[in-house]
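Source file: start-v3.txt (compact mmCIF, C-alpha atoms and all ligand atoms)
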```
# COMPACT_ATOMS: atom_id res chain seq x y z
CA MET A 96 127.10 -32.09 10.30
CA LYS A 97 128.82 -30.73 7.17
CA LYS A 98 131.53 -28.30 8.21
CA PRO A 99 131.53 -24.88 6.52
CA PRO A 100 134.97 -23.34 5.86
CA LEU A 101 136.73 -21.89 8.89
CA ARG A 102 138.14 -18.36 8.63
CA LEU A 103 141.10 -16.95 10.52
CA GLY A 104 140.90 -13.38 11.78
CA VAL A 105 144.31 -12.15 12.88
CA ASN A 106 144.37 -9.74 15.79
CA ILE A 107 147.23 -7.27 15.29
CA ASP A 108 146.99 -5.41 18.63
CA HIS A 109 150.35 -6.65 19.82
CA ILE A 110 152.20 -5.37 16.77
CA ALA A 111 151.07 -1.99 18.10
CA THR A 112 152.18 -2.98 21.62
CA ILE A 113 155.72 -3.48 20.31
CA ARG A 114 155.58 -0.24 18.33
CA ASN A 115 154.36 1.71 21.35
CA ALA A 116 157.20 0.37 23.51
CA ARG A 117 159.41 2.91 21.70
CA GLY A 118 156.74 5.51 20.95
CA ASP A 119 157.72 5.59 17.28
CA ASP A 120 155.99 4.14 14.23
CA HIS A 121 157.80 0.82 13.86
CA PRO A 122 156.61 -1.92 13.52
CA ASP A 123 153.58 -0.60 11.64
CA PRO A 124 150.39 -2.59 12.38
CA VAL A 125 149.00 -1.78 8.91
CA ARG A 126 152.08 -3.25 7.25
CA ALA A 127 151.62 -6.32 9.47
CA ALA A 128 147.95 -6.52 8.48
CA ASN A 129 148.83 -6.55 4.79
CA LEU A 130 151.52 -9.16 5.38
CA VAL A 131 149.17 -11.49 7.26
CA ALA A 132 146.55 -10.99 4.55
CA SER A 133 149.11 -12.19 1.97
CA ALA A 134 149.85 -15.17 4.24
CA GLY A 135 146.19 -16.24 4.19
CA ALA A 136 144.43 -14.35 7.00
CA ASP A 137 140.76 -13.88 6.16
CA SER A 138 140.20 -10.72 8.20
CA ILE A 139 141.99 -8.34 10.54
CA THR A 140 140.88 -7.66 14.09
CA ALA A 141 142.04 -4.62 16.02
CA HIS A 142 140.88 -3.52 19.47
CA LEU A 143 140.86 0.20 20.13
CA ARG A 144 140.87 0.33 23.90
CA GLU A 145 139.72 3.33 25.90
CA ASP A 146 143.30 3.80 27.20
CA ARG A 147 144.82 3.36 23.66
CA ARG A 148 147.44 1.02 25.11
CA HIS A 149 148.09 -0.59 21.71
CA ILE A 150 145.92 0.29 18.69
CA ARG A 151 145.33 4.01 18.14
CA ASP A 152 142.54 5.86 16.38
CA ASN A 153 144.65 6.49 13.32
CA ASP A 154 145.55 2.78 13.04
CA ILE A 155 141.85 1.97 12.71
CA ARG A 156 141.39 4.68 10.07
CA ARG A 157 144.41 3.47 8.10
CA LEU A 158 143.39 -0.19 8.40
CA LYS A 159 140.01 0.63 6.87
CA GLU A 160 141.69 2.47 3.99
CA GLU A 161 144.75 0.34 3.37
CA ILE A 162 143.78 -3.33 3.72
CA ASP A 163 141.86 -5.43 1.21
CA ILE A 164 140.32 -7.93 3.64
CA PRO A 165 137.49 -7.26 6.11
CA LEU A 166 138.23 -5.23 9.23
CA ASN A 167 136.76 -6.40 12.52
CA PHE A 168 136.82 -3.42 14.88
CA GLU A 169 136.83 -4.70 18.45
CA MET A 170 135.50 -2.13 20.90
CA ALA A 171 133.67 -1.44 24.12
CA ALA A 172 130.05 -0.35 23.81
CA THR A 173 130.65 3.33 24.50
CA ALA A 174 129.44 6.53 22.85
CA GLU A 175 133.02 7.39 21.85
CA MET A 176 133.51 4.07 20.02
CA LEU A 177 130.09 4.28 18.39
CA MET A 178 131.06 7.64 16.90
CA LEU A 179 134.29 6.22 15.53
CA ALA A 180 132.54 3.19 14.10
CA SER A 181 129.99 5.45 12.40
CA GLU A 182 132.85 7.40 10.83
CA ILE A 183 134.97 4.41 9.81
CA ARG A 184 132.24 1.87 8.92
CA PRO A 185 134.27 -1.30 9.40
CA HIS A 186 132.96 -4.57 8.02
CA ALA A 187 132.32 -5.84 11.56
CA CYS A 188 132.37 -4.70 15.18
CA CYS A 189 132.93 -7.09 18.03
CA LEU A 190 131.62 -5.66 21.30
CA VAL A 191 133.67 -6.57 24.35
CA PRO A 192 133.65 -5.61 28.02
CA GLU A 193 136.55 -3.39 28.99
CA ASN A 194 138.21 -2.77 32.30
CA ARG A 195 141.16 -0.41 32.61
CA ASN A 196 143.00 -2.66 35.05
CA GLU A 197 142.79 -5.88 33.07
CA ARG A 198 145.75 -7.22 31.14
CA THR A 199 143.48 -8.40 28.33
CA THR A 200 139.75 -8.99 27.84
CA GLU A 201 139.07 -11.19 30.83
CA GLY A 202 135.47 -12.25 30.41
CA GLY A 203 132.53 -12.08 28.06
CA LEU A 204 129.90 -9.34 28.00
CA ASP A 205 127.12 -9.43 30.55
CA VAL A 206 124.49 -9.32 27.83
CA ALA A 207 121.79 -10.54 30.18
CA GLY A 208 122.35 -7.63 32.58
CA GLN A 209 122.70 -4.95 29.88
CA HIS A 210 120.00 -5.82 27.36
CA ASN A 211 118.28 -2.42 27.48
CA PHE A 212 121.56 -0.69 26.75
CA LEU A 213 123.04 -3.16 24.26
CA ALA A 214 120.02 -3.75 22.04
CA PRO A 215 119.79 -0.11 20.81
CA PHE A 216 123.61 0.03 20.54
CA VAL A 217 123.58 -3.05 18.28
CA ARG A 218 120.75 -1.51 16.25
CA GLU A 219 122.70 1.74 15.68
CA LEU A 220 125.78 -0.14 14.50
CA THR A 221 123.65 -2.34 12.27
CA ASP A 222 122.06 0.78 10.75
CA PHE A 223 125.59 1.93 9.80
CA GLY A 224 125.95 -1.32 7.83
CA VAL A 225 128.23 -2.97 10.39
CA ARG A 226 127.98 -6.70 11.18
CA VAL A 227 127.86 -6.85 14.98
CA SER A 228 129.18 -9.64 17.12
CA LEU A 229 128.99 -9.96 20.90
CA PHE A 230 131.89 -11.49 22.80
CA VAL A 231 130.34 -13.86 25.34
CA ASP A 232 131.38 -16.63 27.66
CA PRO A 233 130.24 -20.11 26.63
CA ASP A 234 127.07 -19.66 28.67
CA GLN A 235 123.72 -20.48 27.13
CA GLY A 236 121.85 -17.85 29.18
CA GLN A 237 124.12 -15.11 27.79
CA ILE A 238 123.80 -16.48 24.26
CA GLU A 239 120.02 -16.45 24.45
CA LYS A 240 120.16 -12.79 25.49
CA ALA A 241 122.69 -12.03 22.75
CA LYS A 242 120.20 -13.29 20.20
CA LEU A 243 117.55 -10.93 21.63
CA THR A 244 119.76 -7.87 20.98
CA GLY A 245 119.48 -8.51 17.24
CA ALA A 246 123.22 -9.11 16.78
CA PRO A 247 123.75 -11.70 14.02
CA VAL A 248 127.01 -13.07 15.46
CA ILE A 249 128.51 -14.15 18.77
CA GLU A 250 132.17 -14.75 19.51
CA ILE A 251 132.70 -17.37 22.21
CA HIS A 252 135.38 -16.46 24.76
CA THR A 253 137.83 -19.38 24.82
CA GLY A 254 139.96 -17.93 27.65
CA ALA A 255 138.91 -20.47 30.30
CA TYR A 256 139.75 -23.32 27.89
CA TYR A 257 143.15 -21.71 27.24
CA GLU A 258 143.83 -21.47 30.97
CA ALA A 259 142.87 -25.12 31.48
CA CYS A 260 145.20 -26.14 28.63
CA ALA A 261 148.03 -24.00 30.03
CA ALA A 262 147.58 -25.72 33.42
CA THR A 263 147.56 -29.14 31.66
CA GLN A 264 144.59 -30.32 33.68
CA PRO A 265 142.73 -32.85 31.51
CA ASP A 266 139.45 -32.80 33.48
CA ARG A 267 139.32 -29.02 33.38
CA ILE A 268 140.23 -28.98 29.68
CA GLU A 269 137.45 -31.42 28.91
CA LYS A 270 134.92 -29.45 30.93
CA GLU A 271 135.83 -26.10 29.34
CA PHE A 272 135.94 -27.59 25.86
CA LYS A 273 132.50 -29.15 26.30
CA LEU A 274 131.08 -25.78 27.32
CA ILE A 275 132.41 -24.25 24.07
CA GLN A 276 131.07 -27.15 22.00
CA GLU A 277 127.61 -26.93 23.57
CA ALA A 278 127.54 -23.14 23.38
CA ALA A 279 128.42 -23.24 19.66
CA GLN A 280 125.70 -25.76 18.96
CA PHE A 281 123.14 -23.81 20.99
CA ALA A 282 124.00 -20.51 19.26
CA ALA A 283 123.84 -22.04 15.79
CA GLU A 284 120.42 -23.51 16.61
CA LEU A 285 119.28 -19.98 17.48
CA GLY A 286 120.45 -18.87 14.02
CA LEU A 287 123.55 -17.01 15.22
CA GLU A 288 126.85 -17.08 13.34
CA VAL A 289 129.49 -18.42 15.70
CA HIS A 290 133.06 -17.19 16.12
CA ALA A 291 135.54 -17.99 18.88
CA GLY A 292 138.77 -16.63 20.23
CA HIS A 293 141.14 -15.75 23.04
CA GLY A 294 144.23 -17.64 24.04
CA LEU A 295 144.26 -19.96 21.03
CA THR A 296 147.66 -21.41 20.12
CA PHE A 297 149.15 -24.06 17.82
CA HIS A 298 148.70 -26.51 20.72
CA ASN A 299 145.07 -25.93 21.65
CA VAL A 300 143.44 -24.68 18.43
CA GLN A 301 142.53 -27.96 16.75
CA PRO A 302 139.69 -29.20 18.97
CA VAL A 303 138.05 -25.75 18.72
CA ALA A 304 138.64 -25.59 14.95
CA ALA A 305 136.90 -28.95 14.57
CA ILE A 306 133.62 -27.69 16.09
CA PRO A 307 131.43 -27.53 12.98
CA GLN A 308 129.26 -24.57 14.03
CA ILE A 309 132.28 -22.27 14.47
CA VAL A 310 133.10 -20.40 11.26
CA GLU A 311 135.75 -17.91 12.43
CA LEU A 312 138.59 -17.88 14.94
CA ASN A 313 140.20 -14.62 16.05
CA ILE A 314 143.77 -15.11 17.18
CA GLY A 315 146.44 -12.57 18.09
CA HIS A 316 148.89 -12.82 20.95
CA PHE A 317 150.24 -16.28 20.17
CA LEU A 318 150.73 -15.53 16.46
CA VAL A 319 152.65 -12.35 17.20
CA GLY A 320 154.72 -14.10 19.87
CA GLU A 321 155.50 -17.00 17.57
CA ALA A 322 156.50 -14.54 14.84
CA VAL A 323 159.62 -13.82 16.91
CA PHE A 324 160.74 -17.38 16.17
CA MET A 325 159.31 -18.23 12.75
CA GLY A 326 158.22 -14.95 11.21
CA LEU A 327 154.70 -13.51 11.07
CA ALA A 328 153.74 -14.95 7.69
CA GLU A 329 154.87 -18.43 8.69
CA SER A 330 153.04 -18.32 12.02
CA VAL A 331 149.81 -17.39 10.21
CA LYS A 332 150.33 -20.10 7.58
CA GLU A 333 150.97 -22.73 10.23
CA MET A 334 147.84 -21.71 12.16
CA LYS A 335 145.78 -21.93 8.98
CA ARG A 336 147.23 -25.35 8.23
CA LEU A 337 146.36 -26.64 11.71
CA MET A 338 142.85 -25.21 11.41
CA ALA A 339 142.30 -26.76 7.97
CA ASP A 340 143.60 -30.15 9.12
CA ALA A 341 141.32 -30.10 12.15
CA ARG A 342 138.40 -29.16 9.93
CA THR A 343 138.94 -32.04 7.52
CA GLY A 344 139.89 -34.52 10.22
CA ALA A 345 143.47 -34.93 8.94
CA HIS A 346 146.08 -35.28 11.71
CA TYR A 347 143.43 -34.87 14.33
N1 LIG B 401 138.75 -12.12 20.37
C1 LIG B 401 138.53 -11.14 21.26
C2 LIG B 401 137.14 -10.60 21.38
C3 LIG B 401 139.58 -10.61 22.04
O1 LIG B 401 139.34 -9.64 22.93
C4 LIG B 401 140.88 -11.09 21.84
C5 LIG B 401 142.02 -10.50 22.61
O2 LIG B 401 142.19 -9.18 22.29
C6 LIG B 401 141.07 -12.10 20.89
C7 LIG B 401 140.00 -12.62 20.19
C8 LIG B 401 142.43 -12.66 20.61
O3 LIG B 401 142.96 -13.22 21.74
P1 LIG B 401 144.49 -13.62 21.75
O4 LIG B 401 145.29 -12.37 21.55
O5 LIG B 401 144.68 -14.23 23.09
O6 LIG B 401 144.69 -14.60 20.62
```

Written as structure tokens, how would this file's structure read?
Ligand code: PXP
Amino acid sequence: MKKPPLRLGVNIDHIATIRNARGDDHPDPVRAANLVASAGADSITAHLREDRRHIRDNDIRRLKEEIDIPLNFEMAATAEMLMLASEIRPHACCLVPENRNERTTEGGLDVAGQHNFLAPFVRELTDFGVRVSLFVDPDQGQIEKAKLTGAPVIEIHTGAYYEACAATQPDRIEKEFKLIQEAAQFAAELGLEVHAGHGLTFHNVQPVAAIPQIVELNIGHFLVGEAVFMGLAESVKEMKRLMADARTGAHY
């Protein structure tokens, strides 16, 4: 299969985590967003959580006004977030499950169990001109239900693959990778646009980047962590280079 270009969405939540550690306004996530855009990021992702632990309402407003690349507003499917999205009108919204006690988004949406709630929610966002994506585990049952909500995009949760890589367990890595590969193929056959993300690093990104049906990766924590050592622009450039090489088959 011919591989379409692969975009990188940079998640800037953890720039805000560092800022919030001192309660001041440095480092500014919007400044970081503009810097990563200059370094080659194709879009910016920011997750406004119910508890506002990193990104804040005003960050989302400023991102919409002050960046020149698409904004992907990651949010839980709640009335509060729907109101904000209707005000801000980001390019895209990625709907994720949210749990106050989790360290980060731990699993995909239960689309199958929430169809009657999610389908009208997706429709409302779509009516605001927002491109909606649903964050789902690499599970074909969930993907089938995601399609039925009318959302044009899914983002495959790569967290289990990340955990398998971190544990350096080859059998587990292979199993989790295969699930992503099959899920991407299945979703594309249903006519869905396929994104992926969570826990992707320089070390595990290339197999995922080589999956031809995936057209966007959303990556945050590793890039911000690596920025401590090589700078934010360089970490984004290196990720893009690894993604491009995987896409063309060079060095992989
Ligand atoms: N995509 C989604 C839907 C997420 O919730 C997250 C984490 O906020 C990411 C991508 C990025 O994950 P990470 O920060 O581990 O790269």

Exercise for review: Can you work out which one of A:Glu175, A:Asp266, A:Glu250, A:Glu321 has the shortest atom-to-atom distance to Glu288 in chain A, counting all atoms listed in the file?
Suggested key: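 Checking each of A:Glu175, A:Asp266, A:Glu250, A:Glu321 against Glu288 in chain A, counting all atoms listed in the file, the winner is A:Glu250.
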
Exercise for review: May I ask you to write as a PyMOL selection string all residues lying at most 8 Å from ligand LIG 401 (chain B), with only C-alpha atoms and all ligand atoms counted?
Suggested key: chain A and resi 105-106+108-109+140-142+169+189-191+199-200+230+250+252+254+291-296+312-318

Point to revise | Straight-line distance linking CA of Pro192 in chain A with CA of Asp232 in chain A, stated in Å to one decimal | key: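 Distance reported for this atom pair: 11.3 Å.
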
Point to revise | Neighbours of point (138.9, -7.1, 8.4) within 10 Å, using all atoms listed in the file, written as a list in words | key: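 Within the cut-off we find Gly104, Val105, Asn106, Ala128, Ala132, Ala136, Asp137, Ser138, Ile139, Thr140, Ala141, Leu158, Lys159, Ile162, Asp163, Ile164, Pro165, Leu166, Asn167, Phe168, Pro185, His186, Ala187 and Cys188 of chain A.
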
Practice item. Would you mind telling me which residue in A:Gly286, A:Gly135, A:Gly320, A:Pro307 lies nearest to Lys332 in chain A when using all atoms listed in the file? Key: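 Using all atoms listed in the file, Lys332 in chain A sits closest to A:Gly135.
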
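Closest approach to Thr343 in chain A from the set A:His121, A:Asn211, A:Leu220, A:Lys98 is made by A:Lys98, with distances taken over all atoms listed in the file.
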
Point to revise | CA of Arg336 in chain A to CA of Ala134 in chain A, straight-line distance in Å | key: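 Spanning CA of Ala134 in chain A to CA of Arg336 in chain A is a straight-line distance of 11.2 Å.
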
Using the structure just given, write a file holding all heavy atoms for range 196-208 of chain A, as a PDB file, in the first residue's frame.
```pdb
ATOM      1  N   ASN A 196      -8.255  10.180  39.157  1.00  0.00           N
ATOM      2  CA  ASN A 196      -7.139   9.552  39.867  1.00  0.00           C
ATOM      3  C   ASN A 196      -6.049   9.014  38.966  1.00  0.00           C
ATOM      4  O   ASN A 196      -5.042   8.518  39.444  1.00  0.00           O
ATOM      5  CB  ASN A 196      -7.667   8.417  40.750  1.00  0.00           C
ATOM      6  CG  ASN A 196      -8.606   8.965  41.796  1.00  0.00           C
ATOM      7  OD1 ASN A 196      -8.354  10.046  42.329  1.00  0.00           O
ATOM      8  ND2 ASN A 196      -9.698   8.277  42.047  1.00  0.00           N
ATOM      9  N   GLU A 197      -6.240   9.096  37.639  1.00  0.00           N
ATOM     10  CA  GLU A 197      -5.223   8.516  36.764  1.00  0.00           C
ATOM     11  C   GLU A 197      -4.068   9.503  36.590  1.00  0.00           C
ATOM     12  O   GLU A 197      -4.245  10.723  36.662  1.00  0.00           O
ATOM     13  CB  GLU A 197      -5.825   8.167  35.391  1.00  0.00           C
ATOM     14  CG  GLU A 197      -6.216   9.388  34.575  1.00  0.00           C
ATOM     15  CD  GLU A 197      -7.050   9.073  33.343  1.00  0.00           C
ATOM     16  OE1 GLU A 197      -7.242   7.897  33.020  1.00  0.00           O
ATOM     17  OE2 GLU A 197      -7.507  10.043  32.717  1.00  0.00           O
ATOM     18  N   ARG A 198      -2.882   8.932  36.326  1.00  0.00           N
ATOM     19  CA  ARG A 198      -1.720   9.775  36.092  1.00  0.00           C
ATOM     20  C   ARG A 198      -1.790  10.389  34.694  1.00  0.00           C
ATOM     21  O   ARG A 198      -1.411  11.506  34.453  1.00  0.00           O
ATOM     22  CB  ARG A 198      -0.463   8.929  36.236  1.00  0.00           C
ATOM     23  CG  ARG A 198       0.631   9.685  36.928  1.00  0.00           C
ATOM     24  CD  ARG A 198       1.865   8.866  37.065  1.00  0.00           C
ATOM     25  NE  ARG A 198       1.781   7.907  38.140  1.00  0.00           N
ATOM     26  CZ  ARG A 198       2.664   6.926  38.298  1.00  0.00           C
ATOM     27  NH1 ARG A 198       3.651   6.766  37.444  1.00  0.00           N
ATOM     28  NH2 ARG A 198       2.574   6.098  39.311  1.00  0.00           N
ATOM     29  N   THR A 199      -2.252   9.581  33.739  1.00  0.00           N
ATOM     30  CA  THR A 199      -2.459  10.042  32.368  1.00  0.00           C
ATOM     31  C   THR A 199      -3.596   9.206  31.800  1.00  0.00           C
ATOM     32  O   THR A 199      -4.136   8.347  32.499  1.00  0.00           O
ATOM     33  CB  THR A 199      -1.154   9.885  31.546  1.00  0.00           C
ATOM     34  OG1 THR A 199      -1.389  10.306  30.193  1.00  0.00           O
ATOM     35  CG2 THR A 199      -0.649   8.447  31.520  1.00  0.00           C
ATOM     36  N   THR A 200      -3.991   9.483  30.544  1.00  0.00           N
ATOM     37  CA  THR A 200      -5.131   8.762  29.968  1.00  0.00           C
ATOM     38  C   THR A 200      -4.783   7.272  29.881  1.00  0.00           C
ATOM     39  O   THR A 200      -3.898   6.880  29.120  1.00  0.00           O
ATOM     40  CB  THR A 200      -5.452   9.321  28.566  1.00  0.00           C
ATOM     41  OG1 THR A 200      -5.429  10.746  28.640  1.00  0.00           O
ATOM     42  CG2 THR A 200      -6.803   8.854  28.080  1.00  0.00           C
ATOM     43  N   GLU A 201      -5.479   6.483  30.657  1.00  0.00           N
ATOM     44  CA  GLU A 201      -5.030   5.093  30.828  1.00  0.00           C
ATOM     45  C   GLU A 201      -5.632   4.098  29.850  1.00  0.00           C
ATOM     46  O   GLU A 201      -5.109   3.016  29.660  1.00  0.00           O
ATOM     47  CB  GLU A 201      -5.289   4.647  32.267  1.00  0.00           C
ATOM     48  CG  GLU A 201      -4.238   5.227  33.199  1.00  0.00           C
ATOM     49  CD  GLU A 201      -4.535   4.996  34.662  1.00  0.00           C
ATOM     50  OE1 GLU A 201      -5.596   4.419  34.987  1.00  0.00           O
ATOM     51  OE2 GLU A 201      -3.706   5.409  35.489  1.00  0.00           O
ATOM     52  N   GLY A 202      -6.736   4.439  29.253  1.00  0.00           N
ATOM     53  CA  GLY A 202      -7.349   3.484  28.318  1.00  0.00           C
ATOM     54  C   GLY A 202      -8.141   4.252  27.289  1.00  0.00           C
ATOM     55  O   GLY A 202      -8.305   5.469  27.390  1.00  0.00           O
ATOM     56  N   GLY A 203      -8.630   3.527  26.291  1.00  0.00           N
ATOM     57  CA  GLY A 203      -9.445   4.183  25.273  1.00  0.00           C
ATOM     58  C   GLY A 203     -10.873   4.363  25.770  1.00  0.00           C
ATOM     59  O   GLY A 203     -11.256   3.866  26.839  1.00  0.00           O
ATOM     60  N   LEU A 204     -11.666   5.072  24.969  1.00  0.00           N
ATOM     61  CA  LEU A 204     -13.081   5.284  25.291  1.00  0.00           C
ATOM     62  C   LEU A 204     -13.847   3.972  25.185  1.00  0.00           C
ATOM     63  O   LEU A 204     -13.543   3.154  24.310  1.00  0.00           O
ATOM     64  CB  LEU A 204     -13.695   6.224  24.258  1.00  0.00           C
ATOM     65  CG  LEU A 204     -13.489   7.715  24.380  1.00  0.00           C
ATOM     66  CD1 LEU A 204     -13.990   8.374  23.101  1.00  0.00           C
ATOM     67  CD2 LEU A 204     -14.216   8.282  25.582  1.00  0.00           C
ATOM     68  N   ASP A 205     -14.845   3.821  26.023  1.00  0.00           N
ATOM     69  CA  ASP A 205     -15.763   2.699  25.841  1.00  0.00           C
ATOM     70  C   ASP A 205     -16.863   3.173  24.893  1.00  0.00           C
ATOM     71  O   ASP A 205     -17.955   3.548  25.323  1.00  0.00           O
ATOM     72  CB  ASP A 205     -16.331   2.266  27.194  1.00  0.00           C
ATOM     73  CG  ASP A 205     -17.352   1.148  27.014  1.00  0.00           C
ATOM     74  OD1 ASP A 205     -17.375   0.523  25.922  1.00  0.00           O
ATOM     75  OD2 ASP A 205     -18.136   0.915  27.951  1.00  0.00           O
ATOM     76  N   VAL A 206     -16.553   3.168  23.615  1.00  0.00           N
ATOM     77  CA  VAL A 206     -17.514   3.690  22.631  1.00  0.00           C
ATOM     78  C   VAL A 206     -18.714   2.752  22.556  1.00  0.00           C
ATOM     79  O   VAL A 206     -19.859   3.189  22.437  1.00  0.00           O
ATOM     80  CB  VAL A 206     -16.874   3.798  21.225  1.00  0.00           C
ATOM     81  CG1 VAL A 206     -17.786   4.570  20.292  1.00  0.00           C
ATOM     82  CG2 VAL A 206     -15.523   4.478  21.299  1.00  0.00           C
ATOM     83  N   ALA A 207     -18.418   1.443  22.651  1.00  0.00           N
ATOM     84  CA  ALA A 207     -19.491   0.465  22.532  1.00  0.00           C
ATOM     85  C   ALA A 207     -20.543   0.687  23.630  1.00  0.00           C
ATOM     86  O   ALA A 207     -21.745   0.656  23.367  1.00  0.00           O
ATOM     87  CB  ALA A 207     -18.900  -0.937  22.616  1.00  0.00           C
ATOM     88  N   GLY A 208     -20.086   0.960  24.850  1.00  0.00           N
ATOM     89  CA  GLY A 208     -21.020   1.120  25.961  1.00  0.00           C
ATOM     90  C   GLY A 208     -21.677   2.493  26.034  1.00  0.00           C
ATOM     91  O   GLY A 208     -22.601   2.692  26.811  1.00  0.00           O
TER      92      GLY A 208
END
```
